[in-house]
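Structure first, then comments.
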Amino acid sequence: MVKANKYLVGLMVIAAFGSCVAQCKRAKTASPPVQLKQQTLQVRWQRFVGEKGETCERCRATGQEVQKAFQTLSRSLTSLGIKLSLGKDKLDPEAFAQDVSQSNRIWIGEKPIEKLLGARVGKSTCGACCEITGKQGVKCRTLKIGKDTYEVVPASLIVRAGLIAASELIVTEPAAAPSCKVHGSKGKCPPGCGVSPSKPDTASKPDTASKPGTASEPGAASKPGTTSEPGTTSKPGCGTKPLKKPSST
């Protein structure tokens with residue numbers, strides 16, 4: 001089982017590295033500068049600790065998985081300029097009695113791991129916590145993803161959540177508007193202007209009103225083929241004399 005988890009974590013790290021390389025290539029093509037919101041990402045784990053310093057088995061095992069995931073993420077994220085830190089918080093018996101679900105919780109950055117993974121939080125009976133607290137029916141925290149329920153959070157899930165949190169730190173700035181070679185302004189050229197000086201400006205185009213066949217054409221009343229055709233009769237009041245029909249004799 002341990003070898004399988006290590007193999008899975010290795011595959012995830014390789015896939016994440018390949019994705020980062022692809023993103024860097026795309027960023028280089030588009031030439032937008034890449035910046036980081038912050039340089040430190042914290043992994044924080046909180047668990048119940050009894051009055052004698054004891055804790056339950058699922059919390060102890062999750063702590064070991066957190067340590068493995070922290071080492072894997074540290075090696076992977078260093079190349080991206082992200083420094084990882086690890087924090088471990090203790091939940092005293094009083095706080096544990098008020099809210100049992102606060103034990104065995106993991107945060108990466110400011111977000112809980114269940115939010116990063118889209119997981120649901122459940123609970124199941126924990127015999128060790130029953131013995132530590134002296135109470136029966138103590139139900140400790142579980143994590144549900146799809147059909148799988150985890151009492152011990154595996155390192156593979158923590159690594160996945162860490163990569164998601166790290167990706168949110170990387171942002172790109174929008175590319176600057178190209179400078180026009182004709183007007184010298186950035187993004188403020190008149191409509192139809194390109195970046196090449198060989199392109200004619202729309203202001204130099206001849207006015208459509210001066211084209212032949214528009215407003216400069218002769219009036220329709222003076223065009224041949226209207227009232228001046230032989231064999232027709234003009235209407236009264238049109239200003240032209242009616243034509244006489246040729247005599248049949």
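Letters A, B, ... mark the chains of the structure tokens in the order given; residue numbers begin at 1 per chain; ligand numbers begin at 1, in order shown.
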
Requested in this report: Name the residues of range 30-192 of chain A that come out as helix (DSSP H, G or I) in a backbone DSSP run; write them as a ChimeraX atom specification.
Outcome: /A:30,57-80,93-98,100-102,113-117,127-133,155-167

>> With distances taken over only C-alpha atoms, which residue among A:Gly146, A:Gly127, A:Gly137, A:Gly109 lies nearest Leu86 in chain A?
In response: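 Looking only at the distances to Leu86 in chain A, the closest residue turns out to be A:Gly109.
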
Best match for closeness to Arg44 in chain A among A:Glu65, A:Asp99, A:Glu110, A:Asp148, counting only C-alpha atoms: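 The answer is A:Glu110, which sits nearest to Arg44 in chain A.
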
Note to self: Nearest residue to Pro93 in chain A out of A:Ala155, A:Cys130, A:Ile170, A:Ala69, using only C-alpha atoms?
What the structure shows: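 When distances to Pro93 in chain A are compared using only C-alpha atoms, the smallest one comes from A:Cys130.
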
task = Excluding Gly81 in chain A and any residue of its chain fewer than 2 positions from it, enumerate the residues within 9 Å of it, using only C-alpha atoms, and give them as a PyMOL selection string.
result = chain A and resi 36+39-40+77-79+83

- Message: Residues within 8 Å of Gln102 in chain A, please, as a PyMOL selection string. Count only C-alpha atoms; anything in the same chain fewer than 6 positions from it doesn't count.
- Response: chain A and resi 46-47+91+96+141

Go through A:Cys59, A:Leu169, A:Ala97, A:Leu84 and flag the residue nearest Gln71 in chain A, using only C-alpha atoms for the distances.
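Checking each candidate against Gln71 in chain A, we get A:Leu84 as the closest.
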
- Would you list the contacts of range 49-53 of chain A as a ChimeraX atom specification, taking every protein, DNA or RNA residue within 12 Å and counting only C-alpha atoms, but skipping same-chain residues closer than 4 positions in sequence? /A:57,59-60,88-97,100,102-104,128-134

Item to complete: Determine the nearest neighbour of Leu163 in chain A from the options A:Leu73, A:Val66, A:Val43, A:Ile82, counting only C-alpha atoms.
Response: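 Checking each candidate against Leu163 in chain A, we get A:Leu73 as the closest.
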
The distance between CA of Ala61 in chain A and CA of Ile164 in chain A is 23.3 Å

Just the number, please: distance in Å from CA of Leu116 in chain A to CA of Thr55 in chain A, one decimal.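 Interatomic distance here is 26.3 Å.
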